[in-house]
Amino acid sequence: MKETLDEESRQSLMKYRLERANETIEEARLLNENGHYNTAINRLYYACFYAVQALLLKNGITATTHAGVKTMLGLHFISKGILEIEHGKTFNTLFEKRHSSDYEAFAYCDKAMVNELTPMAIAFIERIKEILE
């Protein structure tokens, strides 16, 4: 049985998810500076994932898997023009890179990739915040 949150709890959880998104971006920066590129990509993805969770929560949309979150983002926000396609591409890229670096043998991310994806992830999160306002 799914738990229903009251408005105060929902707002608190949304705020927490956005705080986690910001913290996780900082984790990615530190990991990148120290040469941990695969893990930095993981943290960039999770930062965006937390922001999407806040967006879905605000709109009463439930997803129980990472693929479900990605699908709900596309269905309810990208396909309707609420979130721009380039941001959808950012989330999809991070989803794929995180998955391959976590689960595939010999998958390597490098500094250039992290440096390219970091500002894209930050822009994605900022856009989610704008939508939430």
# chains A, B, ... in the order shown; residues from 1 in each chain; ligands from 1
$ select_by_dssp --residues "stretch 8-123 of chain A" --states "helix (DSSP H, G or I)" --output "PyMOL selection string"
chain A and resi 8-33+37-58+66-78+85-103+111-123
$ closest_residue --among "A:Leu56, A:Asn32, A:Thr65, A:His87" --to "A:Glu126" --atoms "only C-alpha atoms"
A:His87
$ residues_around --residues "A:Leu31" --least-positions-apart "3" --cutoff "12 Å" --atoms "only C-alpha atoms" --output "PyMOL selection string"
chain A and resi 24-28+34-44+110-111+114-115+118
$ write_last_selection --atoms "N, CA, C and O atoms" --output "compact mmCIF listing (two decimals), in the first residue's frame"
# COMPACT_ATOMS: atom_id res chain seq x y z
N THR A 24 24.84 16.79 -4.09
CA THR A 24 25.40 15.74 -4.94
C THR A 24 26.19 16.33 -6.11
O THR A 24 27.19 15.76 -6.54
N ILE A 25 25.79 17.49 -6.59
CA ILE A 25 26.59 18.20 -7.60
C ILE A 25 27.96 18.53 -7.00
O ILE A 25 29.00 18.37 -7.66
N GLU A 26 27.98 18.99 -5.76
CA GLU A 26 29.25 19.30 -5.10
C GLU A 26 30.10 18.04 -4.94
O GLU A 26 31.32 18.07 -5.14
N GLU A 27 29.48 16.92 -4.61
CA GLU A 27 30.21 15.65 -4.54
C GLU A 27 30.85 15.33 -5.89
O GLU A 27 32.01 14.90 -5.94
N ALA A 28 30.11 15.54 -6.96
CA ALA A 28 30.64 15.26 -8.30
C ALA A 28 31.86 16.13 -8.60
O ALA A 28 32.84 15.65 -9.17
N ASN A 34 39.51 14.94 -8.01
CA ASN A 34 40.40 13.89 -7.50
C ASN A 34 40.54 12.70 -8.45
O ASN A 34 41.05 11.66 -8.05
N GLY A 35 40.06 12.86 -9.68
CA GLY A 35 40.27 11.84 -10.69
C GLY A 35 39.34 10.65 -10.64
O GLY A 35 39.60 9.63 -11.28
N HIS A 36 38.24 10.75 -9.93
CA HIS A 36 37.27 9.66 -9.83
C HIS A 36 36.12 9.93 -10.79
O HIS A 36 35.01 10.31 -10.39
N TYR A 37 36.38 9.74 -12.07
CA TYR A 37 35.46 10.18 -13.11
C TYR A 37 34.19 9.34 -13.20
O TYR A 37 33.11 9.88 -13.38
N ASN A 38 34.31 8.03 -13.10
CA ASN A 38 33.10 7.19 -13.15
C ASN A 38 32.17 7.55 -12.01
O ASN A 38 30.95 7.66 -12.19
N THR A 39 32.72 7.73 -10.83
CA THR A 39 31.89 8.06 -9.68
C THR A 39 31.34 9.48 -9.79
O THR A 39 30.21 9.75 -9.37
N ALA A 40 32.09 10.38 -10.40
CA ALA A 40 31.59 11.74 -10.63
C ALA A 40 30.37 11.71 -11.54
O ALA A 40 29.37 12.41 -11.29
N ILE A 41 30.42 10.88 -12.59
CA ILE A 41 29.26 10.74 -13.49
C ILE A 41 28.07 10.17 -12.70
O ILE A 41 26.93 10.63 -12.86
N ASN A 42 28.33 9.21 -11.86
CA ASN A 42 27.27 8.64 -11.02
C ASN A 42 26.60 9.74 -10.20
O ASN A 42 25.38 9.83 -10.12
N ARG A 43 27.40 10.60 -9.58
CA ARG A 43 26.85 11.66 -8.73
C ARG A 43 26.12 12.71 -9.57
O ARG A 43 25.10 13.25 -9.13
N LEU A 44 26.60 13.02 -10.77
CA LEU A 44 25.87 13.96 -11.64
C LEU A 44 24.49 13.40 -11.97
O LEU A 44 23.49 14.12 -11.93
N ASP A 110 35.94 9.94 -18.44
CA ASP A 110 37.16 10.72 -18.27
C ASP A 110 36.84 12.15 -17.87
O ASP A 110 35.67 12.54 -17.80
N LYS A 111 37.86 12.89 -17.58
CA LYS A 111 37.72 14.26 -17.11
C LYS A 111 36.96 15.12 -18.12
O LYS A 111 36.10 15.91 -17.73
N VAL A 114 33.26 14.44 -17.82
CA VAL A 114 32.71 15.02 -16.60
C VAL A 114 32.62 16.54 -16.75
O VAL A 114 31.61 17.16 -16.40
N ASN A 115 33.67 17.15 -17.30
CA ASN A 115 33.67 18.60 -17.49
C ASN A 115 32.58 19.05 -18.46
O ASN A 115 32.01 20.14 -18.29
N THR A 118 28.97 18.30 -16.44
CA THR A 118 28.69 19.02 -15.20
C THR A 118 27.84 20.27 -15.42
O THR A 118 26.79 20.42 -14.78
$ atom_distance --atom1 "atom CA of A:Met72" --atom2 "atom CA of A:Glu23"
23.9 Å
$ residues_around --residues "A:Arg127" --least-positions-apart "3" --cutoff "12 Å" --atoms "only C-alpha atoms" --output "NGL selection string"
:A and (18 or 48 or 51-52 or 55 or 77 or 82-88 or 90 or 120-124 or 130-133)
$ residues_around --residues "A:Tyr108" --least-positions-apart "5" --cutoff "10 Å" --atoms "only C-alpha atoms" --output "list in words"
Tyr37, Asn38, Lys97, Ser100, Ser101, Asp102 and Met113 of chain A
$ residues_around --residues "A:Phe95" --least-positions-apart "2" --cutoff "9 Å" --atoms "only C-alpha atoms" --output "ChimeraX atom specification"
/A:42,45-46,49,66-67,70,90-93,97-100
$ closest_atom_pairs --of "stretch 33-63 of chain A" --to "stretch 8-14 of chain A" --cutoff "8 Å" --atoms "only C-alpha atoms" --output "JSON lines"
{"residue": "A:Gln53", "atom": "CA", "partner": "A:Met14", "partner_atom": "CA", "distance": 7.8}
{"residue": "A:Ala54", "atom": "CA", "partner": "A:Met14", "partner_atom": "CA", "distance": 4.6}
{"residue": "A:Leu55", "atom": "CA", "partner": "A:Met14", "partner_atom": "CA", "distance": 7.7}
{"residue": "A:Leu57", "atom": "CA", "partner": "A:Met14", "partner_atom": "CA", "distance": 6.9}
{"residue": "A:Lys58", "atom": "CA", "partner": "A:Met14", "partner_atom": "CA", "distance": 7.2}
$ atom_distance --atom1 "atom CA of A:Arg17" --atom2 "atom CA of A:Tyr50"
5.2 Å
$ atom_distance --atom1 "atom CA of A:Ala47" --atom2 "atom CA of A:Leu94"
10.1 Å
